[in-house]
Amino acid sequence: MPDMRFNIPGQSLNREPFIDKIPDFQKKCEVMITDRGYKCKITNIVPLTSQEKLFLLRIVDPMERALFTFRPGQFLMLEVPGYGEAPISISSSSSNQEFIELCIRKAGHVTSAMFEARQGAMVSIRGPFGTSFPMEAMRGHNVLMVAGGLGIAPIRAPLFWIGNHRDWYKDVRMLYGAKEPSQLLFNYQFDEWKKVSDVNLMTIVEHPDDSWKGRSGMITALFDEFTIDPDNTFAIVCGPPVMFKFVCSHLDRLGIPMNRMFVSLERRMHCGMGKCCRCMVGSTFTCLDGPVFDYWSVMNLKEAI
Amino acid sequence: MIYKVISKPEFRAFVDALVRANTSYGPRQVDTDRNGDPIYQFMPVSSADEIAFDYTVTTSSAKHLLMPFRGELSRFNFSDGDWKQQVDYETQPIVLIGLRPCDISAINILDEVMLKGPYPSPYYLARRKNTFIIGMDHLPLPDCFCKSMNRHTVNHGFSLFCSDIGDRYYLSINSAKAFSCLKEFRIDDPTDEDNCRLIERRKLIKHSFETNIEVSGLPVFLDIEFDSPIWQKWGDKCLSCGSCAMVCPTCYCYSVEEQFDLDLKGSRRESHLYSCNLVDFAQVAGGHNFRPRSGDRLKYRYYHHYRGFAANDNQQICVGCNRCGRTCLANINPKDVINDLRLERESCLTCVSTSPDKA
């Protein structure tokens with residue numbers, strides 16, 4: 001049975017612009033001469049699990065703080081002086097100018113150094129870099145967010161955005177899967193998201209323990225429990241590379257157009273400025289053209305996921 | 001551009017004066033290889049006597065003088081639990097002598113990559129603006145294939161370019177500074193004979209290429225052959241050592257590393273030139289590697305060079321100097337890989353139904 005969705009009238013499969021205009025990189029160049037970072041103070045550290053912590057950063061200089069604006073889905077380069085830089089997705093609300101929240105897993109050299117840091121330590125950030133989720137384009141539609149494991153970190157930013165602009169969107173649903181119940185991050189915020197932001201949150205774990213009363217299985221199992229309106233839904237997917245394949249092909253089968261499915265790819269950027277080529281996927285820079293891609297673009301990229 | 005001719009001794013005197021007044025790099029014989037052939041490299045020179053004007057090609061390109069193997073990006077100075085960041089773009093002016101047309105083309109390509117796009121690199125710009133380049137043409141080695149990449153001539157990107165026309169050099173002067181320096185020496189306007197000799201010289205160079213690679217339409221071939229078994233075949237040979245990227249005049253991928261000073265009072269952030277053939281090039285946190293096989297990484301390098309990647313927008317960034325082929329320990333060279341790729345595709349076309357491989 002051939003896939004006939006290309007013939008649906010009025011459905012353009014061309015890539016949609018992520019945002020109304022090209023990000024104003026020129027402005028950033030004036031403010032921050034590419035390699036000079038904003039000095040930040042770690043104001044609070046919230047331990048989430050044994051491997052993940054949430055860091056609250058505050059830019060020290062008030063003028064720089066006012067200049068640091070970002071959109072949901074963008075990332076920044078976190079510098080721990082002496083140890084190096086790592087790309088971290090911003091997981092705080094884009095309307096919150098006072099604090100930047102970063103959810104960090106202890107995975108390498110820089111993040112391990114960050115884990116040693118105490119409250120009050122000074123780190124540096126450069127950014128924000130990259131593309132963002134097209135929150136304006138989603139206006140008036142249903143939003144389906146799918147997060148796996150640490151994929152919740154970049155998803156939190158659009159989630160906060162939706163909380164701030166709840167009347168823009170119709171039905172907002174969030175699926176969140178993790179390996180074990182103890183690895184469900186931000187479970188203290190679940191009630192807030194459900195009740196205050198009116199998000200239909202569904203969680204699932206792969207390996208349940210005895211205390212777990214919720215669903216268990218792969219994240220795609222959740223799709224059987226509800227119906228989605230494919231003509232009227234935007235999807236945001238973020239998780240480990242394995243998850244993309246299953247979730248995106250499942251959403252594809254459900255009929256969500258590929259240009260309305262957005263994924264946030266993971267690469268180890270070194271410069272963030274489209275120079276070092278470390279984050280290249282085929283001919284695409286993940287740091288300039290991504291990390292947020294629509295599935296239509298990613299599907300055409302070899303070796304992307 | 002102004003054209004002049006200069007006699008060879010006079011040119012030598014000009015270079016000598018230039019070299020003595022500036023930090024200069026020129027081709028010097030550093031050693032001999034196991035066949036007794038000289039090995040040339042771009043090295044610091046202090047007088048014209050040290051420069052091998054009639055060198056063939058250098059083993060390593062002049063790239064590292066504009067994009068150092070280790071370049072400092074910024075410094076952190078620690079004090080009282082706080083730090084200060086210093087960013088320094090300033091560089092010393094340098095003179096590069098004896099670059100071949102392919103080397104200058106490579107620098108032009110690096111200009112495209114580093115100085116265009118949303119974030120132009122100030123480090124590169126500072127070095128590039130402070131570089132005085134004297135180019136010299138040469139007769140190609142048997143394995144050079146610059147002509148196939150259309151890089152055997154160069155029209156811009158140098159301060160001064162010399163073509164050898166017998167007892168004199170035909171100069172193409174492309175900067176005011178070069179012209180004002182040359183005024184001190186005896187230069188003449190080219191006569192008709194000189195012009196004819198230049199054209200003869202260009203023709204000679206053009207016809208001296210023994211290695212030719214068919215690269216027209218190569219991007220399409222590469223797209224079609226993404227899953228071709230030849231990548232596996234050449235990947236099995238590849239040692240993933242990264243030598244090709246180190247000597248390549250246009251390989252610019254780098255990693256950013258940070259190191260503490262030995263006295264722990266500061267640290268420096270450095271860019272290290274990297275190679276996409278090294279195993280951890282596309283590795284992310286947690287150990288997932290997007291290109292785990294050496295074939296995938298080799299393929300990526302060839303795609304970057306011949307497919308025309310984003311930054312260059314369909315411009316092939318290979319200049320055809322074949323340094324990677326000469327230096328490769330496993331004898332992988334672009335000519336063989338690309339010809340292999342073409343053969344694979346052509347044999348498929350001619351024996352669609354009968355090939356035993358395809359059955």
# chains A, B, ... in the order shown; residues from 1 in each chain; ligands from 1
>>> residues_around(residues="Asn96 of chain A", least_positions_apart="6", cutoff="10 Å", atoms="only C-alpha atoms", output="MDAnalysis selection string")
chainID A and resid 69:70 160
>>> select_by_dssp(residues="segment 7-256 of chain A", states="strand (DSSP E or B)", output="PDB file with N, CA and C atoms, in the first residue's frame")
ATOM      1  N   TYR A  38      29.210  35.195  28.713  1.00  0.00           N
ATOM      2  CA  TYR A  38      28.577  35.934  29.810  1.00  0.00           C
ATOM      3  C   TYR A  38      28.941  35.232  31.110  1.00  0.00           C
ATOM      4  N   LYS A  39      29.374  36.013  32.068  1.00  0.00           N
ATOM      5  CA  LYS A  39      29.721  35.418  33.358  1.00  0.00           C
ATOM      6  C   LYS A  39      28.448  35.144  34.152  1.00  0.00           C
ATOM      7  N   CYS A  40      28.324  33.936  34.663  1.00  0.00           N
ATOM      8  CA  CYS A  40      27.118  33.528  35.395  1.00  0.00           C
ATOM      9  C   CYS A  40      27.499  33.013  36.766  1.00  0.00           C
ATOM     10  N   LYS A  41      26.575  33.220  37.690  1.00  0.00           N
ATOM     11  CA  LYS A  41      26.746  32.659  39.025  1.00  0.00           C
ATOM     12  C   LYS A  41      25.769  31.501  39.168  1.00  0.00           C
ATOM     13  N   ILE A  42      26.235  30.401  39.718  1.00  0.00           N
ATOM     14  CA  ILE A  42      25.321  29.288  39.995  1.00  0.00           C
ATOM     15  C   ILE A  42      24.563  29.659  41.263  1.00  0.00           C
ATOM     16  N   THR A  43      23.276  29.953  41.130  1.00  0.00           N
ATOM     17  CA  THR A  43      22.540  30.415  42.300  1.00  0.00           C
ATOM     18  C   THR A  43      21.871  29.265  43.038  1.00  0.00           C
ATOM     19  N   ASN A  44      21.568  28.192  42.330  1.00  0.00           N
ATOM     20  CA  ASN A  44      20.932  27.085  43.021  1.00  0.00           C
ATOM     21  C   ASN A  44      21.227  25.796  42.268  1.00  0.00           C
ATOM     22  N   ILE A  45      21.305  24.721  43.011  1.00  0.00           N
ATOM     23  CA  ILE A  45      21.523  23.406  42.397  1.00  0.00           C
ATOM     24  C   ILE A  45      20.464  22.462  42.941  1.00  0.00           C
ATOM     25  N   VAL A  46      19.681  21.887  42.067  1.00  0.00           N
ATOM     26  CA  VAL A  46      18.643  20.951  42.484  1.00  0.00           C
ATOM     27  C   VAL A  46      19.058  19.562  42.035  1.00  0.00           C
ATOM     28  N   PRO A  47      19.391  18.666  42.960  1.00  0.00           N
ATOM     29  CA  PRO A  47      19.708  17.309  42.534  1.00  0.00           C
ATOM     30  C   PRO A  47      18.437  16.592  42.106  1.00  0.00           C
ATOM     31  N   GLU A  52      21.693  13.319  37.316  1.00  0.00           N
ATOM     32  CA  GLU A  52      21.236  14.578  36.742  1.00  0.00           C
ATOM     33  C   GLU A  52      21.005  15.626  37.816  1.00  0.00           C
ATOM     34  N   LYS A  53      21.390  16.845  37.481  1.00  0.00           N
ATOM     35  CA  LYS A  53      21.138  17.957  38.384  1.00  0.00           C
ATOM     36  C   LYS A  53      20.570  19.105  37.587  1.00  0.00           C
ATOM     37  N   LEU A  54      19.780  19.936  38.258  1.00  0.00           N
ATOM     38  CA  LEU A  54      19.265  21.148  37.628  1.00  0.00           C
ATOM     39  C   LEU A  54      20.024  22.333  38.208  1.00  0.00           C
ATOM     40  N   PHE A  55      20.643  23.108  37.324  1.00  0.00           N
ATOM     41  CA  PHE A  55      21.434  24.253  37.753  1.00  0.00           C
ATOM     42  C   PHE A  55      20.672  25.526  37.413  1.00  0.00           C
ATOM     43  N   LEU A  56      20.599  26.431  38.364  1.00  0.00           N
ATOM     44  CA  LEU A  56      20.030  27.744  38.099  1.00  0.00           C
ATOM     45  C   LEU A  56      21.170  28.734  37.985  1.00  0.00           C
ATOM     46  N   LEU A  57      21.268  29.379  36.837  1.00  0.00           N
ATOM     47  CA  LEU A  57      22.345  30.336  36.613  1.00  0.00           C
ATOM     48  C   LEU A  57      21.755  31.734  36.519  1.00  0.00           C
ATOM     49  N   ARG A  58      22.516  32.705  36.992  1.00  0.00           N
ATOM     50  CA  ARG A  58      22.107  34.089  36.873  1.00  0.00           C
ATOM     51  C   ARG A  58      23.282  34.863  36.288  1.00  0.00           C
ATOM     52  N   ILE A  59      23.026  35.550  35.175  1.00  0.00           N
ATOM     53  CA  ILE A  59      24.089  36.330  34.550  1.00  0.00           C
ATOM     54  C   ILE A  59      24.414  37.503  35.463  1.00  0.00           C
ATOM     55  N   PHE A  75      20.089  26.279  22.277  1.00  0.00           N
ATOM     56  CA  PHE A  75      21.057  25.769  23.247  1.00  0.00           C
ATOM     57  C   PHE A  75      22.108  26.836  23.504  1.00  0.00           C
ATOM     58  N   LEU A  76      22.906  26.612  24.519  1.00  0.00           N
ATOM     59  CA  LEU A  76      24.018  27.518  24.798  1.00  0.00           C
ATOM     60  C   LEU A  76      25.270  26.693  25.035  1.00  0.00           C
ATOM     61  N   MET A  77      26.404  27.363  24.978  1.00  0.00           N
ATOM     62  CA  MET A  77      27.655  26.692  25.284  1.00  0.00           C
ATOM     63  C   MET A  77      28.021  27.047  26.717  1.00  0.00           C
ATOM     64  N   LEU A  78      28.047  26.047  27.555  1.00  0.00           N
ATOM     65  CA  LEU A  78      28.382  26.253  28.959  1.00  0.00           C
ATOM     66  C   LEU A  78      29.872  26.041  29.136  1.00  0.00           C
ATOM     67  N   GLU A  79      30.506  27.023  29.712  1.00  0.00           N
ATOM     68  CA  GLU A  79      31.948  26.941  29.921  1.00  0.00           C
ATOM     69  C   GLU A  79      32.236  26.843  31.408  1.00  0.00           C
ATOM     70  N   VAL A  80      32.933  25.800  31.800  1.00  0.00           N
ATOM     71  CA  VAL A  80      33.467  25.715  33.156  1.00  0.00           C
ATOM     72  C   VAL A  80      34.936  26.080  33.014  1.00  0.00           C
ATOM     73  N   GLY A  84      36.515  23.333  30.134  1.00  0.00           N
ATOM     74  CA  GLY A  84      36.089  23.303  28.744  1.00  0.00           C
ATOM     75  C   GLY A  84      34.632  23.680  28.581  1.00  0.00           C
ATOM     76  N   GLU A  85      34.170  23.484  27.380  1.00  0.00           N
ATOM     77  CA  GLU A  85      32.832  23.904  27.016  1.00  0.00           C
ATOM     78  C   GLU A  85      31.996  22.708  26.610  1.00  0.00           C
ATOM     79  N   ALA A  86      30.705  22.790  26.854  1.00  0.00           N
ATOM     80  CA  ALA A  86      29.811  21.742  26.376  1.00  0.00           C
ATOM     81  C   ALA A  86      28.503  22.389  25.948  1.00  0.00           C
ATOM     82  N   PRO A  87      27.885  21.884  24.891  1.00  0.00           N
ATOM     83  CA  PRO A  87      26.578  22.420  24.491  1.00  0.00           C
ATOM     84  C   PRO A  87      25.483  21.871  25.399  1.00  0.00           C
ATOM     85  N   ILE A  88      24.680  22.752  25.948  1.00  0.00           N
ATOM     86  CA  ILE A  88      23.604  22.346  26.853  1.00  0.00           C
ATOM     87  C   ILE A  88      22.326  23.032  26.375  1.00  0.00           C
ATOM     88  N   SER A  89      21.250  22.287  26.292  1.00  0.00           N
ATOM     89  CA  SER A  89      19.999  22.922  25.879  1.00  0.00           C
ATOM     90  C   SER A  89      19.393  23.657  27.067  1.00  0.00           C
ATOM     91  N   ILE A  90      18.784  24.786  26.754  1.00  0.00           N
ATOM     92  CA  ILE A  90      18.230  25.624  27.806  1.00  0.00           C
ATOM     93  C   ILE A  90      16.876  25.046  28.195  1.00  0.00           C
ATOM     94  N   ILE A 100      18.574  31.248  34.308  1.00  0.00           N
ATOM     95  CA  ILE A 100      18.652  30.253  33.239  1.00  0.00           C
ATOM     96  C   ILE A 100      18.753  28.899  33.918  1.00  0.00           C
ATOM     97  N   GLU A 101      17.882  27.986  33.534  1.00  0.00           N
ATOM     98  CA  GLU A 101      17.927  26.657  34.128  1.00  0.00           C
ATOM     99  C   GLU A 101      18.536  25.688  33.132  1.00  0.00           C
ATOM    100  N   LEU A 102      19.488  24.918  33.611  1.00  0.00           N
ATOM    101  CA  LEU A 102      20.120  23.911  32.762  1.00  0.00           C
ATOM    102  C   LEU A 102      20.011  22.569  33.453  1.00  0.00           C
ATOM    103  N   CYS A 103      19.459  21.603  32.764  1.00  0.00           N
ATOM    104  CA  CYS A 103      19.370  20.253  33.310  1.00  0.00           C
ATOM    105  C   CYS A 103      20.536  19.462  32.736  1.00  0.00           C
ATOM    106  N   ILE A 104      21.445  19.040  33.587  1.00  0.00           N
ATOM    107  CA  ILE A 104      22.706  18.479  33.121  1.00  0.00           C
ATOM    108  C   ILE A 104      22.881  17.068  33.648  1.00  0.00           C
ATOM    109  N   ARG A 105      23.234  16.179  32.751  1.00  0.00           N
ATOM    110  CA  ARG A 105      23.577  14.819  33.148  1.00  0.00           C
ATOM    111  C   ARG A 105      25.098  14.708  33.211  1.00  0.00           C
ATOM    112  N   MET A 122      31.322  30.521  39.719  1.00  0.00           N
ATOM    113  CA  MET A 122      31.153  31.322  38.510  1.00  0.00           C
ATOM    114  C   MET A 122      31.458  30.472  37.281  1.00  0.00           C
ATOM    115  N   VAL A 123      30.524  30.430  36.380  1.00  0.00           N
ATOM    116  CA  VAL A 123      30.763  29.763  35.095  1.00  0.00           C
ATOM    117  C   VAL A 123      30.469  30.781  33.996  1.00  0.00           C
ATOM    118  N   SER A 124      30.638  30.362  32.768  1.00  0.00           N
ATOM    119  CA  SER A 124      30.438  31.295  31.665  1.00  0.00           C
ATOM    120  C   SER A 124      29.550  30.634  30.613  1.00  0.00           C
ATOM    121  N   ILE A 125      28.713  31.426  29.971  1.00  0.00           N
ATOM    122  CA  ILE A 125      27.897  30.866  28.892  1.00  0.00           C
ATOM    123  C   ILE A 125      28.076  31.702  27.635  1.00  0.00           C
ATOM    124  N   ARG A 126      27.985  31.049  26.504  1.00  0.00           N
ATOM    125  CA  ARG A 126      27.944  31.741  25.214  1.00  0.00           C
ATOM    126  C   ARG A 126      26.650  31.333  24.548  1.00  0.00           C
ATOM    127  N   GLY A 127      26.032  32.249  23.880  1.00  0.00           N
ATOM    128  CA  GLY A 127      24.838  31.850  23.168  1.00  0.00           C
ATOM    129  C   GLY A 127      23.754  32.896  23.252  1.00  0.00           C
ATOM    130  N   PRO A 128      22.524  32.539  23.007  1.00  0.00           N
ATOM    131  CA  PRO A 128      22.053  31.207  22.593  1.00  0.00           C
ATOM    132  C   PRO A 128      22.342  30.947  21.132  1.00  0.00           C
ATOM    133  N   PHE A 129      22.422  29.685  20.785  1.00  0.00           N
ATOM    134  CA  PHE A 129      22.714  29.298  19.414  1.00  0.00           C
ATOM    135  C   PHE A 129      21.578  28.435  18.873  1.00  0.00           C
ATOM    136  N   ASN A 142      -3.333  21.750  18.086  1.00  0.00           N
ATOM    137  CA  ASN A 142      -2.964  20.859  19.185  1.00  0.00           C
ATOM    138  C   ASN A 142      -1.456  20.676  19.181  1.00  0.00           C
ATOM    139  N   VAL A 143      -0.899  20.453  20.349  1.00  0.00           N
ATOM    140  CA  VAL A 143       0.536  20.215  20.443  1.00  0.00           C
ATOM    141  C   VAL A 143       0.746  18.886  21.149  1.00  0.00           C
ATOM    142  N   LEU A 144       1.562  18.049  20.539  1.00  0.00           N
ATOM    143  CA  LEU A 144       1.917  16.768  21.142  1.00  0.00           C
ATOM    144  C   LEU A 144       3.415  16.764  21.379  1.00  0.00           C
ATOM    145  N   MET A 145       3.804  16.616  22.646  1.00  0.00           N
ATOM    146  CA  MET A 145       5.234  16.594  22.963  1.00  0.00           C
ATOM    147  C   MET A 145       5.611  15.195  23.412  1.00  0.00           C
ATOM    148  N   VAL A 146       6.693  14.699  22.871  1.00  0.00           N
ATOM    149  CA  VAL A 146       7.152  13.362  23.237  1.00  0.00           C
ATOM    150  C   VAL A 146       8.585  13.482  23.737  1.00  0.00           C
ATOM    151  N   ALA A 147       8.806  13.101  24.987  1.00  0.00           N
ATOM    152  CA  ALA A 147      10.143  13.214  25.559  1.00  0.00           C
ATOM    153  C   ALA A 147      10.580  11.862  26.068  1.00  0.00           C
ATOM    154  N   GLY A 148      11.827  11.541  25.857  1.00  0.00           N
ATOM    155  CA  GLY A 148      12.384  10.298  26.379  1.00  0.00           C
ATOM    156  C   GLY A 148      13.614  10.586  27.201  1.00  0.00           C
ATOM    157  N   VAL A 172      -3.106  20.232  24.507  1.00  0.00           N
ATOM    158  CA  VAL A 172      -1.672  20.008  24.659  1.00  0.00           C
ATOM    159  C   VAL A 172      -1.463  18.706  25.406  1.00  0.00           C
ATOM    160  N   ARG A 173      -0.702  17.831  24.785  1.00  0.00           N
ATOM    161  CA  ARG A 173      -0.479  16.525  25.387  1.00  0.00           C
ATOM    162  C   ARG A 173       1.021  16.283  25.461  1.00  0.00           C
ATOM    163  N   MET A 174       1.441  15.667  26.537  1.00  0.00           N
ATOM    164  CA  MET A 174       2.863  15.396  26.680  1.00  0.00           C
ATOM    165  C   MET A 174       3.046  13.943  27.075  1.00  0.00           C
ATOM    166  N   LEU A 175       3.905  13.245  26.338  1.00  0.00           N
ATOM    167  CA  LEU A 175       4.236  11.866  26.656  1.00  0.00           C
ATOM    168  C   LEU A 175       5.673  11.850  27.151  1.00  0.00           C
ATOM    169  N   TYR A 176       5.879  11.182  28.264  1.00  0.00           N
ATOM    170  CA  TYR A 176       7.221  11.182  28.838  1.00  0.00           C
ATOM    171  C   TYR A 176       7.581   9.768  29.241  1.00  0.00           C
ATOM    172  N   GLY A 177       8.642   9.273  28.689  1.00  0.00           N
ATOM    173  CA  GLY A 177       9.076   7.924  28.999  1.00  0.00           C
ATOM    174  C   GLY A 177      10.474   7.914  29.571  1.00  0.00           C
ATOM    175  N   ALA A 178      10.736   6.967  30.451  1.00  0.00           N
ATOM    176  CA  ALA A 178      12.077   6.826  31.012  1.00  0.00           C
ATOM    177  C   ALA A 178      12.347   5.346  31.210  1.00  0.00           C
ATOM    178  N   ASN A 200      -1.959  17.541  29.233  1.00  0.00           N
ATOM    179  CA  ASN A 200      -2.330  16.161  29.466  1.00  0.00           C
ATOM    180  C   ASN A 200      -1.060  15.323  29.495  1.00  0.00           C
ATOM    181  N   LEU A 201      -0.554  15.064  30.686  1.00  0.00           N
ATOM    182  CA  LEU A 201       0.755  14.413  30.829  1.00  0.00           C
ATOM    183  C   LEU A 201       0.578  12.919  31.024  1.00  0.00           C
ATOM    184  N   MET A 202       1.275  12.141  30.213  1.00  0.00           N
ATOM    185  CA  MET A 202       1.241  10.684  30.360  1.00  0.00           C
ATOM    186  C   MET A 202       2.674  10.206  30.515  1.00  0.00           C
ATOM    187  N   THR A 203       2.910   9.397  31.532  1.00  0.00           N
ATOM    188  CA  THR A 203       4.271   8.893  31.753  1.00  0.00           C
ATOM    189  C   THR A 203       4.283   7.382  31.586  1.00  0.00           C
ATOM    190  N   ILE A 204       5.435   6.890  31.232  1.00  0.00           N
ATOM    191  CA  ILE A 204       5.584   5.447  31.047  1.00  0.00           C
ATOM    192  C   ILE A 204       7.037   5.098  31.376  1.00  0.00           C
ATOM    193  N   VAL A 205       7.262   3.944  31.959  1.00  0.00           N
ATOM    194  CA  VAL A 205       8.638   3.515  32.217  1.00  0.00           C
ATOM    195  C   VAL A 205       8.860   2.155  31.583  1.00  0.00           C
ATOM    196  N   ARG A 215       1.992   3.233  33.922  1.00  0.00           N
ATOM    197  CA  ARG A 215       2.119   2.344  32.761  1.00  0.00           C
ATOM    198  C   ARG A 215       3.564   1.886  32.628  1.00  0.00           C
ATOM    199  N   SER A 216       3.729   0.762  31.968  1.00  0.00           N
ATOM    200  CA  SER A 216       5.086   0.314  31.686  1.00  0.00           C
ATOM    201  C   SER A 216       5.152  -0.189  30.249  1.00  0.00           C
ATOM    202  N   THR A 233      -2.366  18.925  14.308  1.00  0.00           N
ATOM    203  CA  THR A 233      -1.467  18.673  15.431  1.00  0.00           C
ATOM    204  C   THR A 233      -0.021  18.939  15.037  1.00  0.00           C
ATOM    205  N   PHE A 234       0.690  19.593  15.921  1.00  0.00           N
ATOM    206  CA  PHE A 234       2.139  19.732  15.803  1.00  0.00           C
ATOM    207  C   PHE A 234       2.775  18.795  16.813  1.00  0.00           C
ATOM    208  N   ALA A 235       3.873  18.180  16.426  1.00  0.00           N
ATOM    209  CA  ALA A 235       4.545  17.275  17.353  1.00  0.00           C
ATOM    210  C   ALA A 235       5.958  17.766  17.621  1.00  0.00           C
ATOM    211  N   ILE A 236       6.389  17.636  18.856  1.00  0.00           N
ATOM    212  CA  ILE A 236       7.758  17.958  19.260  1.00  0.00           C
ATOM    213  C   ILE A 236       8.328  16.694  19.876  1.00  0.00           C
ATOM    214  N   VAL A 237       9.428  16.213  19.322  1.00  0.00           N
ATOM    215  CA  VAL A 237       9.998  14.958  19.798  1.00  0.00           C
ATOM    216  C   VAL A 237      11.434  15.196  20.232  1.00  0.00           C
ATOM    217  N   CYS A 238      11.773  14.708  21.405  1.00  0.00           N
ATOM    218  CA  CYS A 238      13.152  14.810  21.841  1.00  0.00           C
ATOM    219  C   CYS A 238      13.489  13.629  22.720  1.00  0.00           C
TER     220      CYS A 238
END
>>> closest_residue(among="B:Phe145, B:Phe290, B:Tyr89, B:Tyr40", to="Gly325 of chain B", atoms="only C-alpha atoms")
B:Phe145
>>> residues_around(residues="segment 266-277 of chain B", least_positions_apart="5", cutoff="7 Å", atoms="only C-alpha atoms", output="short mmCIF file (atom, residue, chain, number, x, y, z; two decimals) with N, CA and C atoms, in the first residue's frame")
data_model
loop_
_atom_site.label_atom_id
_atom_site.label_comp_id
_atom_site.auth_asym_id
_atom_site.auth_seq_id
_atom_site.Cartn_x
_atom_site.Cartn_y
_atom_site.Cartn_z
N GLY A 82 38.65 26.38 32.76
CA GLY A 82 39.67 25.41 33.09
C GLY A 82 39.33 24.02 32.62
N PHE B 69 47.73 24.64 14.35
CA PHE B 69 47.32 23.35 14.90
C PHE B 69 46.77 23.54 16.30
N ARG B 70 47.39 24.43 17.05
CA ARG B 70 46.87 24.79 18.37
C ARG B 70 46.79 26.30 18.41
N GLY B 71 45.60 26.82 18.41
CA GLY B 71 45.46 28.27 18.45
C GLY B 71 44.73 28.69 19.70
N GLU B 72 45.26 29.69 20.38
CA GLU B 72 44.61 30.12 21.60
C GLU B 72 43.37 30.94 21.27
N LEU B 73 42.23 30.57 21.86
CA LEU B 73 41.00 31.32 21.64
C LEU B 73 40.77 32.33 22.75
N SER B 74 40.97 31.90 23.98
CA SER B 74 40.84 32.88 25.07
C SER B 74 41.58 32.35 26.29
N ARG B 75 41.75 33.24 27.23
CA ARG B 75 42.46 32.90 28.47
C ARG B 75 41.57 33.19 29.66
N PHE B 76 41.68 32.40 30.70
CA PHE B 76 41.00 32.67 31.96
C PHE B 76 42.06 32.86 33.02
N ASN B 77 41.94 33.93 33.77
CA ASN B 77 42.83 34.13 34.91
C ASN B 77 42.01 34.01 36.19
N PHE B 78 42.42 33.10 37.06
CA PHE B 78 41.66 32.84 38.29
C PHE B 78 42.23 33.66 39.43
N SER B 240 42.39 5.35 10.24
CA SER B 240 41.79 6.40 11.06
C SER B 240 42.85 7.17 11.84
N CYS B 241 43.94 7.52 11.16
CA CYS B 241 45.02 8.22 11.86
C CYS B 241 44.88 9.72 11.73
N GLY B 242 44.17 10.19 10.72
CA GLY B 242 43.97 11.63 10.58
C GLY B 242 45.10 12.36 9.89
N ALA B 245 44.03 14.81 7.03
CA ALA B 245 43.47 16.11 7.41
C ALA B 245 44.57 17.06 7.88
N TYR B 252 39.57 22.04 7.76
CA TYR B 252 39.57 23.07 8.80
C TYR B 252 38.81 22.66 10.05
N CYS B 253 38.28 21.44 10.10
CA CYS B 253 37.52 21.04 11.28
C CYS B 253 38.41 21.12 12.51
N TYR B 254 37.86 21.59 13.60
CA TYR B 254 38.68 21.66 14.81
C TYR B 254 37.88 21.29 16.03
N SER B 255 38.58 21.03 17.10
CA SER B 255 37.92 20.81 18.37
C SER B 255 38.40 21.90 19.31
N VAL B 256 37.61 22.17 20.32
CA VAL B 256 37.97 23.19 21.28
C VAL B 256 38.27 22.50 22.60
N GLU B 257 39.47 22.68 23.08
CA GLU B 257 39.89 22.03 24.32
C GLU B 257 40.33 23.11 25.29
N GLU B 258 40.31 22.77 26.55
CA GLU B 258 40.75 23.74 27.53
C GLU B 258 41.76 23.11 28.47
N GLN B 259 42.79 23.88 28.77
CA GLN B 259 43.86 23.34 29.59
C GLN B 259 44.20 24.31 30.70
N PHE B 260 44.45 23.74 31.89
CA PHE B 260 44.94 24.55 32.99
C PHE B 260 46.39 24.93 32.75
N ASP B 261 46.78 26.10 33.22
CA ASP B 261 48.20 26.42 33.27
C ASP B 261 48.84 25.54 34.35
N SER B 294 35.06 3.11 10.32
CA SER B 294 36.04 3.95 9.64
C SER B 294 35.56 4.27 8.23
N ARG B 297 33.44 7.37 8.32
CA ARG B 297 34.20 8.60 8.52
C ARG B 297 34.97 8.97 7.26
N LEU B 298 35.52 7.96 6.59
CA LEU B 298 36.21 8.23 5.32
C LEU B 298 35.23 8.82 4.31
N ARG B 301 34.53 12.41 4.94
CA ARG B 301 35.59 13.31 4.49
C ARG B 301 35.49 13.53 2.98
#
>>> residues_around(residues="Pro219 of chain B", least_positions_apart="5", cutoff="12 Å", atoms="only C-alpha atoms", output="ChimeraX atom specification")
/A:283 /B:214,224-226,302-309,313-316,338,341-342
>>> select_by_dssp(residues="segment 7-234 of chain A", states="alpha helix (DSSP H)", output="PyMOL selection string")
chain A and resi 25-31+62-67+109-116+152-164+190-191
>>> interface_residues(of="chain A", to="chain B", cutoff="6 Å", atoms="only C-alpha atoms", output="PyMOL selection string")
chain A and resi 25+82-84+107+267-268+270+273+276-277+283
>>> closest_residue(among="A:Lys179, A:Phe133, A:Gln74, A:Leu222", to="Arg260 of chain A", atoms="only C-alpha atoms")
A:Phe133
>>> atom_distance(atom1="atom CA of His109 of chain A", atom2="atom CA of Met269 of chain A")
14.2 Å
>>> residues_around(residues="segment 21-29 of chain B", least_positions_apart="4", cutoff="8 Å", atoms="only C-alpha atoms", output="PyMOL selection string")
chain B and resi 17+38-46+50-53+55+58+93-98
